[in-house]
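File shown: query-v3.cif (mmCIF, N, CA and C atoms).
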data_target
#
loop_
_atom_site.label_atom_id
_atom_site.label_comp_id
_atom_site.auth_asym_id
_atom_site.auth_seq_id
_atom_site.Cartn_x
_atom_site.Cartn_y
_atom_site.Cartn_z
N MET W 1083 273.27 -39.18 113.27
CA MET W 1083 272.68 -38.13 114.07
C MET W 1083 271.89 -38.74 115.22
N ARG W 1084 272.02 -38.13 116.38
CA ARG W 1084 271.27 -38.61 117.53
C ARG W 1084 269.82 -38.17 117.43
N LYS W 1085 268.96 -38.81 118.23
CA LYS W 1085 267.54 -38.47 118.20
C LYS W 1085 267.28 -37.02 118.56
N GLN W 1086 268.07 -36.47 119.46
CA GLN W 1086 267.87 -35.08 119.87
C GLN W 1086 268.17 -34.12 118.73
N GLN W 1087 268.88 -34.58 117.71
CA GLN W 1087 269.28 -33.72 116.59
C GLN W 1087 268.33 -33.84 115.40
N ARG W 1088 267.21 -34.53 115.55
CA ARG W 1088 266.29 -34.71 114.44
C ARG W 1088 265.00 -33.95 114.67
N ILE W 1089 264.48 -33.37 113.61
CA ILE W 1089 263.16 -32.75 113.65
C ILE W 1089 262.20 -33.78 113.09
N LYS W 1090 261.18 -34.15 113.87
CA LYS W 1090 260.23 -35.17 113.44
C LYS W 1090 258.80 -34.66 113.39
N LYS W 1091 258.45 -33.73 114.26
CA LYS W 1091 257.06 -33.30 114.37
C LYS W 1091 256.70 -32.27 113.32
N ASN W 1092 255.47 -32.38 112.84
CA ASN W 1092 254.97 -31.47 111.81
C ASN W 1092 255.02 -30.02 112.28
N LYS W 1093 254.68 -29.77 113.53
CA LYS W 1093 254.67 -28.38 114.03
C LYS W 1093 256.07 -27.79 114.02
N ASP W 1094 257.10 -28.61 114.25
CA ASP W 1094 258.48 -28.13 114.19
C ASP W 1094 258.87 -27.79 112.75
N PHE W 1095 258.47 -28.65 111.80
CA PHE W 1095 258.72 -28.38 110.39
C PHE W 1095 258.03 -27.08 109.98
N GLN W 1096 256.76 -26.93 110.37
CA GLN W 1096 256.00 -25.74 109.99
C GLN W 1096 256.61 -24.47 110.58
N HIS W 1097 257.12 -24.55 111.80
CA HIS W 1097 257.78 -23.40 112.42
C HIS W 1097 258.99 -22.97 111.60
N VAL W 1098 259.79 -23.93 111.17
CA VAL W 1098 260.99 -23.62 110.38
C VAL W 1098 260.59 -23.03 109.03
N PHE W 1099 259.56 -23.59 108.39
CA PHE W 1099 259.12 -23.07 107.09
C PHE W 1099 258.60 -21.64 107.21
N GLN W 1100 257.85 -21.35 108.27
CA GLN W 1100 257.21 -20.04 108.40
C GLN W 1100 258.17 -18.97 108.91
N LYS W 1101 259.04 -19.30 109.84
CA LYS W 1101 259.90 -18.29 110.47
C LYS W 1101 261.32 -18.26 109.92
N GLY W 1102 261.72 -19.32 109.20
CA GLY W 1102 263.11 -19.43 108.81
C GLY W 1102 263.46 -18.75 107.50
N LYS W 1103 264.75 -18.66 107.26
CA LYS W 1103 265.30 -18.15 106.00
C LYS W 1103 265.60 -19.36 105.13
N SER W 1104 265.53 -19.16 103.81
CA SER W 1104 265.81 -20.27 102.91
C SER W 1104 266.92 -19.92 101.93
N MET W 1105 267.58 -20.96 101.47
CA MET W 1105 268.61 -20.82 100.45
C MET W 1105 268.57 -22.11 99.64
N ALA W 1106 268.91 -22.01 98.36
CA ALA W 1106 268.79 -23.19 97.50
C ALA W 1106 269.90 -23.22 96.46
N ASN W 1107 270.15 -24.42 95.97
CA ASN W 1107 270.93 -24.62 94.75
C ASN W 1107 270.19 -25.68 93.94
N ARG W 1108 270.83 -26.25 92.94
CA ARG W 1108 270.12 -27.21 92.09
C ARG W 1108 269.73 -28.49 92.82
N GLN W 1109 270.47 -28.86 93.86
CA GLN W 1109 270.24 -30.14 94.53
C GLN W 1109 269.41 -30.04 95.81
N PHE W 1110 269.51 -28.92 96.53
CA PHE W 1110 268.87 -28.82 97.84
C PHE W 1110 268.22 -27.46 98.06
N VAL W 1111 267.18 -27.47 98.88
CA VAL W 1111 266.63 -26.24 99.46
C VAL W 1111 266.79 -26.42 100.97
N ILE W 1112 267.34 -25.40 101.63
CA ILE W 1112 267.53 -25.49 103.08
C ILE W 1112 266.83 -24.31 103.73
N TYR W 1113 266.00 -24.63 104.71
CA TYR W 1113 265.37 -23.62 105.56
C TYR W 1113 266.07 -23.68 106.91
N ALA W 1114 266.34 -22.51 107.49
CA ALA W 1114 267.01 -22.48 108.79
C ALA W 1114 266.40 -21.39 109.66
N VAL W 1115 266.28 -21.70 110.94
CA VAL W 1115 265.79 -20.73 111.92
C VAL W 1115 266.58 -20.90 113.20
N LYS W 1116 266.91 -19.75 113.83
CA LYS W 1116 267.62 -19.81 115.11
C LYS W 1116 266.64 -20.14 116.22
N GLN W 1117 267.07 -20.99 117.15
CA GLN W 1117 266.26 -21.37 118.31
C GLN W 1117 267.04 -20.99 119.56
N GLU W 1118 266.54 -20.00 120.28
CA GLU W 1118 267.22 -19.55 121.50
C GLU W 1118 267.11 -20.64 122.58
N GLY W 1119 268.20 -20.82 123.30
CA GLY W 1119 268.20 -21.76 124.41
C GLY W 1119 268.34 -23.22 124.02
N GLN W 1120 268.61 -23.47 122.77
CA GLN W 1120 268.79 -24.85 122.30
C GLN W 1120 270.27 -25.18 122.34
N SER W 1121 270.63 -26.33 122.89
CA SER W 1121 272.04 -26.65 123.11
C SER W 1121 272.74 -27.25 121.89
N GLU W 1122 271.99 -27.65 120.87
CA GLU W 1122 272.61 -28.20 119.66
C GLU W 1122 271.71 -27.94 118.46
N PHE W 1123 272.24 -28.20 117.27
CA PHE W 1123 271.44 -28.02 116.06
C PHE W 1123 270.51 -29.21 115.87
N ARG W 1124 269.42 -28.99 115.11
CA ARG W 1124 268.51 -30.08 114.76
C ARG W 1124 268.29 -30.04 113.25
N VAL W 1125 268.08 -31.23 112.66
CA VAL W 1125 267.92 -31.34 111.21
C VAL W 1125 266.68 -32.16 110.90
N GLY W 1126 265.88 -31.66 109.95
CA GLY W 1126 264.75 -32.41 109.42
C GLY W 1126 264.98 -32.65 107.94
N LEU W 1127 264.58 -33.80 107.45
CA LEU W 1127 264.79 -34.15 106.05
C LEU W 1127 263.46 -34.33 105.33
N SER W 1128 263.42 -33.89 104.08
CA SER W 1128 262.25 -34.07 103.25
C SER W 1128 262.70 -34.52 101.87
N VAL W 1129 262.27 -35.72 101.48
CA VAL W 1129 262.59 -36.25 100.16
C VAL W 1129 261.28 -36.71 99.54
N SER W 1130 260.88 -36.04 98.47
CA SER W 1130 259.58 -36.26 97.85
C SER W 1130 259.53 -37.58 97.06
N LYS W 1131 258.32 -38.08 96.89
CA LYS W 1131 258.13 -39.28 96.07
C LYS W 1131 258.45 -39.03 94.61
N LYS W 1132 258.48 -37.78 94.19
CA LYS W 1132 258.83 -37.44 92.81
C LYS W 1132 260.27 -37.81 92.49
N ILE W 1133 261.10 -37.93 93.51
CA ILE W 1133 262.52 -38.20 93.31
C ILE W 1133 262.79 -39.65 92.95
N GLY W 1134 262.00 -40.55 93.48
CA GLY W 1134 262.22 -41.96 93.17
C GLY W 1134 261.45 -42.86 94.11
N ASN W 1135 261.74 -44.15 93.99
CA ASN W 1135 261.05 -45.11 94.85
C ASN W 1135 261.63 -45.08 96.27
N ALA W 1136 261.10 -45.91 97.15
CA ALA W 1136 261.49 -45.89 98.56
C ALA W 1136 262.98 -46.15 98.75
N VAL W 1137 263.54 -47.05 97.96
CA VAL W 1137 264.96 -47.38 98.08
C VAL W 1137 265.80 -46.14 97.76
N THR W 1138 265.47 -45.45 96.70
CA THR W 1138 266.19 -44.24 96.30
C THR W 1138 266.05 -43.15 97.36
N ARG W 1139 264.84 -42.94 97.85
CA ARG W 1139 264.61 -41.89 98.85
C ARG W 1139 265.37 -42.18 100.14
N ASN W 1140 265.36 -43.42 100.58
CA ASN W 1140 266.09 -43.79 101.80
C ASN W 1140 267.59 -43.65 101.62
N ARG W 1141 268.09 -43.97 100.43
CA ARG W 1141 269.52 -43.80 100.14
C ARG W 1141 269.91 -42.33 100.23
N ILE W 1142 269.08 -41.47 99.66
CA ILE W 1142 269.35 -40.03 99.71
C ILE W 1142 269.36 -39.54 101.15
N LYS W 1143 268.39 -40.00 101.96
CA LYS W 1143 268.34 -39.58 103.36
C LYS W 1143 269.58 -40.05 104.12
N ARG W 1144 270.03 -41.27 103.85
CA ARG W 1144 271.25 -41.77 104.51
C ARG W 1144 272.45 -40.91 104.13
N LEU W 1145 272.56 -40.56 102.83
CA LEU W 1145 273.68 -39.73 102.38
C LEU W 1145 273.64 -38.35 103.03
N ILE W 1146 272.46 -37.75 103.12
CA ILE W 1146 272.34 -36.43 103.74
C ILE W 1146 272.71 -36.50 105.21
N ARG W 1147 272.22 -37.52 105.92
CA ARG W 1147 272.56 -37.68 107.34
C ARG W 1147 274.07 -37.81 107.54
N GLU W 1148 274.70 -38.62 106.69
CA GLU W 1148 276.15 -38.81 106.81
C GLU W 1148 276.90 -37.52 106.51
N ALA W 1149 276.45 -36.78 105.50
CA ALA W 1149 277.09 -35.50 105.17
C ALA W 1149 276.94 -34.51 106.31
N ILE W 1150 275.75 -34.45 106.92
CA ILE W 1150 275.52 -33.56 108.06
C ILE W 1150 276.41 -33.97 109.23
N HIS W 1151 276.54 -35.28 109.43
CA HIS W 1151 277.39 -35.79 110.50
C HIS W 1151 278.84 -35.32 110.31
N GLU W 1152 279.32 -35.36 109.07
CA GLU W 1152 280.69 -34.93 108.78
C GLU W 1152 280.85 -33.41 108.86
N LEU W 1153 279.76 -32.68 108.63
CA LEU W 1153 279.80 -31.21 108.66
C LEU W 1153 279.38 -30.63 110.01
N LYS W 1154 279.10 -31.47 111.00
CA LYS W 1154 278.51 -30.98 112.25
C LYS W 1154 279.38 -29.95 112.97
N ASP W 1155 280.69 -30.00 112.81
CA ASP W 1155 281.57 -29.03 113.46
C ASP W 1155 281.43 -27.65 112.85
N ARG W 1156 280.95 -27.58 111.62
CA ARG W 1156 280.79 -26.29 110.93
C ARG W 1156 279.40 -25.69 111.11
N LEU W 1157 278.50 -26.44 111.74
CA LEU W 1157 277.14 -25.94 111.94
C LEU W 1157 277.04 -25.23 113.28
N PRO W 1158 276.40 -24.06 113.31
CA PRO W 1158 276.26 -23.35 114.58
C PRO W 1158 275.27 -24.04 115.50
N VAL W 1159 275.48 -23.88 116.79
CA VAL W 1159 274.60 -24.45 117.81
C VAL W 1159 273.34 -23.59 117.88
N GLY W 1160 272.21 -24.23 118.14
CA GLY W 1160 270.98 -23.49 118.36
C GLY W 1160 270.21 -23.14 117.10
N ILE W 1161 270.33 -23.94 116.05
CA ILE W 1161 269.52 -23.70 114.85
C ILE W 1161 268.76 -24.97 114.48
N ASP W 1162 267.65 -24.77 113.80
CA ASP W 1162 266.90 -25.87 113.20
C ASP W 1162 267.05 -25.75 111.70
N LEU W 1163 267.41 -26.85 111.05
CA LEU W 1163 267.54 -26.90 109.59
C LEU W 1163 266.53 -27.88 109.04
N VAL W 1164 265.92 -27.54 107.91
CA VAL W 1164 265.12 -28.50 107.15
C VAL W 1164 265.75 -28.58 105.77
N VAL W 1165 266.16 -29.78 105.40
CA VAL W 1165 266.80 -30.02 104.11
C VAL W 1165 265.80 -30.70 103.19
N ILE W 1166 265.53 -30.06 102.05
CA ILE W 1166 264.63 -30.62 101.05
C ILE W 1166 265.47 -31.02 99.85
N ALA W 1167 265.42 -32.29 99.50
CA ALA W 1167 266.20 -32.80 98.37
C ALA W 1167 265.43 -32.58 97.07
N ARG W 1168 266.17 -32.23 96.03
CA ARG W 1168 265.59 -32.08 94.70
C ARG W 1168 266.02 -33.25 93.82
N LYS W 1169 265.44 -33.33 92.65
CA LYS W 1169 265.62 -34.47 91.73
C LYS W 1169 267.08 -34.86 91.46
N PRO W 1170 268.01 -33.92 91.21
CA PRO W 1170 269.39 -34.34 90.88
C PRO W 1170 270.11 -35.11 91.98
N THR W 1171 269.61 -35.09 93.21
CA THR W 1171 270.30 -35.80 94.29
C THR W 1171 270.26 -37.32 94.13
N ALA W 1172 269.35 -37.82 93.30
CA ALA W 1172 269.21 -39.27 93.14
C ALA W 1172 270.47 -39.93 92.58
N GLU W 1173 271.25 -39.18 91.81
CA GLU W 1173 272.46 -39.76 91.20
C GLU W 1173 273.75 -39.29 91.86
N MET W 1174 273.67 -38.66 93.01
CA MET W 1174 274.86 -38.09 93.63
C MET W 1174 275.56 -39.06 94.58
N SER W 1175 276.89 -38.87 94.70
CA SER W 1175 277.67 -39.65 95.66
C SER W 1175 277.73 -38.88 96.98
N LEU W 1176 278.31 -39.49 98.00
CA LEU W 1176 278.42 -38.86 99.31
C LEU W 1176 279.23 -37.56 99.23
N GLU W 1177 280.34 -37.59 98.52
CA GLU W 1177 281.18 -36.39 98.41
C GLU W 1177 280.45 -35.25 97.72
N GLU W 1178 279.66 -35.58 96.69
CA GLU W 1178 278.89 -34.56 95.98
C GLU W 1178 277.81 -33.98 96.88
N VAL W 1179 277.13 -34.84 97.64
CA VAL W 1179 276.10 -34.39 98.57
C VAL W 1179 276.73 -33.48 99.63
N LYS W 1180 277.86 -33.90 100.16
CA LYS W 1180 278.53 -33.13 101.20
C LYS W 1180 278.94 -31.75 100.70
N SER W 1181 279.55 -31.67 99.52
CA SER W 1181 279.99 -30.37 99.00
C SER W 1181 278.80 -29.48 98.65
N SER W 1182 277.73 -30.06 98.13
CA SER W 1182 276.54 -29.29 97.79
C SER W 1182 275.88 -28.73 99.05
N LEU W 1183 275.74 -29.55 100.09
CA LEU W 1183 275.17 -29.08 101.35
C LEU W 1183 276.04 -27.99 101.97
N GLN W 1184 277.33 -28.20 101.93
CA GLN W 1184 278.26 -27.22 102.49
C GLN W 1184 278.11 -25.88 101.77
N HIS W 1185 277.96 -25.92 100.46
CA HIS W 1185 277.79 -24.72 99.65
C HIS W 1185 276.53 -23.97 100.04
N VAL W 1186 275.42 -24.67 100.18
CA VAL W 1186 274.14 -24.02 100.51
C VAL W 1186 274.16 -23.49 101.94
N ILE W 1187 274.69 -24.26 102.88
CA ILE W 1187 274.73 -23.82 104.28
C ILE W 1187 275.60 -22.57 104.41
N LYS W 1188 276.70 -22.52 103.66
CA LYS W 1188 277.59 -21.36 103.71
C LYS W 1188 276.88 -20.10 103.22
N LYS W 1189 275.94 -20.25 102.27
CA LYS W 1189 275.23 -19.11 101.72
C LYS W 1189 274.10 -18.60 102.60
N LEU W 1190 273.68 -19.40 103.59
CA LEU W 1190 272.58 -18.98 104.47
C LEU W 1190 272.94 -17.72 105.23
N PRO W 1191 272.07 -16.72 105.19
CA PRO W 1191 272.40 -15.44 105.84
C PRO W 1191 272.37 -15.54 107.37
N GLY W 1192 273.44 -15.05 108.00
CA GLY W 1192 273.45 -14.93 109.45
C GLY W 1192 273.61 -16.22 110.23
N LEU W 1193 273.89 -17.34 109.56
CA LEU W 1193 274.01 -18.60 110.28
C LEU W 1193 275.41 -19.19 110.24
N SER W 1194 276.36 -18.49 109.65
CA SER W 1194 277.70 -19.05 109.59
C SER W 1194 278.32 -19.04 110.98
N LYS W 1195 279.09 -20.05 111.28
CA LYS W 1195 279.69 -20.22 112.60
C LYS W 1195 280.86 -19.25 112.73
N PRO W 1196 280.97 -18.56 113.84
CA PRO W 1196 282.07 -17.59 114.03
C PRO W 1196 283.42 -18.26 114.10
#

How does the structure come out when it is put into structure tokens?
Amino acid sequence: MRKQQRIKKNKDFQHVFQKGKSMANRQFVIYAVKQEGQSEFRVGLSVSKKIGNAVTRNRIKRLIREAIHELKDRLPVGIDLVVIARKPTAEMSLEEVKSSLQHVIKKLPGLSKP
């Protein structure tokens, strides 16, 4: 993911949490909000220390980024997503992460790509 596609600032995360819609499954919670006038989607990642040590958390973030990269054609333009990983993601492979993210994103109301 390019730098323009990442959410880094706390105020951006808070905006998504407060104004966005959420959907979850056993592995992920995803918050999404539409941003008018934005030319591409942006993604923020949150992986808690409860999930594992730094190596495990960084591995999960790499897997999520790669899955988002592979799913980018299915994501609508002009939205901000915050992906929160849950405990079961620590033992998942790339394909499992990808299918789980795809499942949750598909369930998000009003954000499916036409």

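Minimum distance to W:Val1098 across W:Lys1143, W:Lys1180, W:Asp1162, W:Gln1120 (counting all atoms listed in the file) occurs at W:Asp1162.
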
If we count only C-alpha atoms, what is near W:Ala1172 at a cut-off of 7 Å, once residues fewer than 3 positions away on the same chain are taken out, given as a short mmCIF file (atom, residue, chain, number, x, y, z; two decimals) with N, CA and C atoms, in the coordinates of the input?
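Done, and the output landed in result.cif:
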data_model
loop_
_atom_site.label_atom_id
_atom_site.label_comp_id
_atom_site.auth_asym_id
_atom_site.auth_seq_id
_atom_site.Cartn_x
_atom_site.Cartn_y
_atom_site.Cartn_z
N ILE W 1133 261.10 -37.93 93.51
CA ILE W 1133 262.52 -38.20 93.31
C ILE W 1133 262.79 -39.65 92.95
N THR W 1138 265.47 -45.45 96.70
CA THR W 1138 266.19 -44.24 96.30
C THR W 1138 266.05 -43.15 97.36
N ILE W 1142 269.08 -41.47 99.66
CA ILE W 1142 269.35 -40.03 99.71
C ILE W 1142 269.36 -39.54 101.15
N LYS W 1169 265.44 -33.33 92.65
CA LYS W 1169 265.62 -34.47 91.73
C LYS W 1169 267.08 -34.86 91.46
#

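Coordinates place atom C of W:Gln1086 at a distance of 14.8 Å from atom N of W:Val1115.
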
Return the padded bounding box of stretch 1129-1133 of chain W as AutoDock Vina command-line options: axis-aligned, built from all atoms listed in the file, 5 Å added on each side, with centre and edge lengths in Å to one decimal.
--center_x 260.5 --center_y -37.7 --center_z 97.0 --size_x 14.7 --size_y 13.9 --size_z 19.0

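Pairwise distance (atom N of W:Phe1123, atom N of W:Glu1173) equals 27.7 Å.
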
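Here the residues within chain W that DSSP labels strand (DSSP E) on the basis of the backbone are W:Lys1103, W:Ser1104, W:Met1105, W:Ala1106, W:Phe1110, W:Val1111, W:Ile1112, W:Tyr1113, W:Ala1114, W:Val1115, W:Lys1116, W:Arg1124, W:Val1125, W:Gly1126, W:Leu1127, W:Ser1128, W:Val1129, W:Ile1161, W:Asp1162, W:Leu1163, W:Val1164, W:Val1165, W:Ile1166, W:Ala1167.
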
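When the PyMOL selection byres ((chain W and resi 1087) around 6) is evaluated against the file, it yields Met1083, Arg1084, Lys1085, Gln1086, Arg1088, Ile1089, Phe1123, Arg1124 and Val1125 of chain W.
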
Could you write those residues out with N, CA and C atoms, as a JSON list (two decimals), in the coordinates of the input?
[["chain", "number", "residue", "atom", "x", "y", "z"],
["W", 1083, "MET", "N", 273.27, -39.18, 113.27],
["W", 1083, "MET", "CA", 272.68, -38.13, 114.07],
["W", 1083, "MET", "C", 271.89, -38.74, 115.22],
["W", 1084, "ARG", "N", 272.02, -38.13, 116.38],
["W", 1084, "ARG", "CA", 271.27, -38.61, 117.53],
["W", 1084, "ARG", "C", 269.82, -38.17, 117.43],
["W", 1085, "LYS", "N", 268.96, -38.81, 118.23],
["W", 1085, "LYS", "CA", 267.54, -38.47, 118.20],
["W", 1085, "LYS", "C", 267.28, -37.02, 118.56],
["W", 1086, "GLN", "N", 268.07, -36.47, 119.46],
["W", 1086, "GLN", "CA", 267.87, -35.08, 119.87],
["W", 1086, "GLN", "C", 268.17, -34.12, 118.73],
["W", 1088, "ARG", "N", 267.21, -34.53, 115.55],
["W", 1088, "ARG", "CA", 266.29, -34.71, 114.44],
["W", 1088, "ARG", "C", 265.00, -33.95, 114.67],
["W", 1089, "ILE", "N", 264.48, -33.37, 113.61],
["W", 1089, "ILE", "CA", 263.16, -32.75, 113.65],
["W", 1089, "ILE", "C", 262.20, -33.78, 113.09],
["W", 1123, "PHE", "N", 272.24, -28.20, 117.27],
["W", 1123, "PHE", "CA", 271.44, -28.02, 116.06],
["W", 1123, "PHE", "C", 270.51, -29.21, 115.87],
["W", 1124, "ARG", "N", 269.42, -28.99, 115.11],
["W", 1124, "ARG", "CA", 268.51, -30.08, 114.76],
["W", 1124, "ARG", "C", 268.29, -30.04, 113.25],
["W", 1125, "VAL", "N", 268.08, -31.23, 112.66],
["W", 1125, "VAL", "CA", 267.92, -31.34, 111.21],
["W", 1125, "VAL", "C", 266.68, -32.16, 110.90]]

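Restricting the calculation to only N, CA and C atoms, the smallest distance between W:Pro1191 and any of W:Arg1168, W:Arg1139, W:Lys1090, W:Lys1103 is found for W:Lys1103.
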
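One finds atom CA of W:Asn1092 at 13.9 Å from atom C of W:Val1165.
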
Worksheet item: Got a sec to resolve the PyMOL selection byres ((chain W and resi 1110) around 8) on this structure and send the residues as a ChimeraX atom specification?
Response: /W:1105-1109,1111-1113,1165-1171,1182-1183,1186

What parts of stretch 1104-1149 of chain W does DSSP call alpha helix (DSSP H)? I'd like the answer as a PDB file with N, CA and C atoms, keeping the file's coordinate frame.
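Resulting contents of result-v9.pdb:
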ATOM      1  N   ALA W1136     261.100 -45.910  97.150  1.00  0.00           N
ATOM      2  CA  ALA W1136     261.490 -45.890  98.560  1.00  0.00           C
ATOM      3  C   ALA W1136     262.980 -46.150  98.750  1.00  0.00           C
ATOM      4  N   VAL W1137     263.540 -47.050  97.960  1.00  0.00           N
ATOM      5  CA  VAL W1137     264.960 -47.380  98.080  1.00  0.00           C
ATOM      6  C   VAL W1137     265.800 -46.140  97.760  1.00  0.00           C
ATOM      7  N   THR W1138     265.470 -45.450  96.700  1.00  0.00           N
ATOM      8  CA  THR W1138     266.190 -44.240  96.300  1.00  0.00           C
ATOM      9  C   THR W1138     266.050 -43.150  97.360  1.00  0.00           C
ATOM     10  N   ARG W1139     264.840 -42.940  97.850  1.00  0.00           N
ATOM     11  CA  ARG W1139     264.610 -41.890  98.850  1.00  0.00           C
ATOM     12  C   ARG W1139     265.370 -42.180 100.140  1.00  0.00           C
ATOM     13  N   ASN W1140     265.360 -43.420 100.580  1.00  0.00           N
ATOM     14  CA  ASN W1140     266.090 -43.790 101.800  1.00  0.00           C
ATOM     15  C   ASN W1140     267.590 -43.650 101.620  1.00  0.00           C
ATOM     16  N   ARG W1141     268.090 -43.970 100.430  1.00  0.00           N
ATOM     17  CA  ARG W1141     269.520 -43.800 100.140  1.00  0.00           C
ATOM     18  C   ARG W1141     269.910 -42.330 100.230  1.00  0.00           C
ATOM     19  N   ILE W1142     269.080 -41.470  99.660  1.00  0.00           N
ATOM     20  CA  ILE W1142     269.350 -40.030  99.710  1.00  0.00           C
ATOM     21  C   ILE W1142     269.360 -39.540 101.150  1.00  0.00           C
ATOM     22  N   LYS W1143     268.390 -40.000 101.960  1.00  0.00           N
ATOM     23  CA  LYS W1143     268.340 -39.580 103.360  1.00  0.00           C
ATOM     24  C   LYS W1143     269.580 -40.050 104.120  1.00  0.00           C
ATOM     25  N   ARG W1144     270.030 -41.270 103.850  1.00  0.00           N
ATOM     26  CA  ARG W1144     271.250 -41.770 104.510  1.00  0.00           C
ATOM     27  C   ARG W1144     272.450 -40.910 104.130  1.00  0.00           C
ATOM     28  N   LEU W1145     272.560 -40.560 102.830  1.00  0.00           N
ATOM     29  CA  LEU W1145     273.680 -39.730 102.380  1.00  0.00           C
ATOM     30  C   LEU W1145     273.640 -38.350 103.030  1.00  0.00           C
ATOM     31  N   ILE W1146     272.460 -37.750 103.120  1.00  0.00           N
ATOM     32  CA  ILE W1146     272.340 -36.430 103.740  1.00  0.00           C
ATOM     33  C   ILE W1146     272.710 -36.500 105.210  1.00  0.00           C
ATOM     34  N   ARG W1147     272.220 -37.520 105.920  1.00  0.00           N
ATOM     35  CA  ARG W1147     272.560 -37.680 107.340  1.00  0.00           C
ATOM     36  C   ARG W1147     274.070 -37.810 107.540  1.00  0.00           C
ATOM     37  N   GLU W1148     274.700 -38.620 106.690  1.00  0.00           N
ATOM     38  CA  GLU W1148     276.150 -38.810 106.810  1.00  0.00           C
ATOM     39  C   GLU W1148     276.900 -37.520 106.510  1.00  0.00           C
ATOM     40  N   ALA W1149     276.450 -36.780 105.500  1.00  0.00           N
ATOM     41  CA  ALA W1149     277.090 -35.500 105.170  1.00  0.00           C
ATOM     42  C   ALA W1149     276.940 -34.510 106.310  1.00  0.00           C
TER      43      ALA W1149
END

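Residue nearest W:Arg1147 within the list W:Val1159, W:Val1164, W:Ala1114, W:Leu1190: W:Val1164 [criterion: smallest interatomic distance, only C-alpha atoms].
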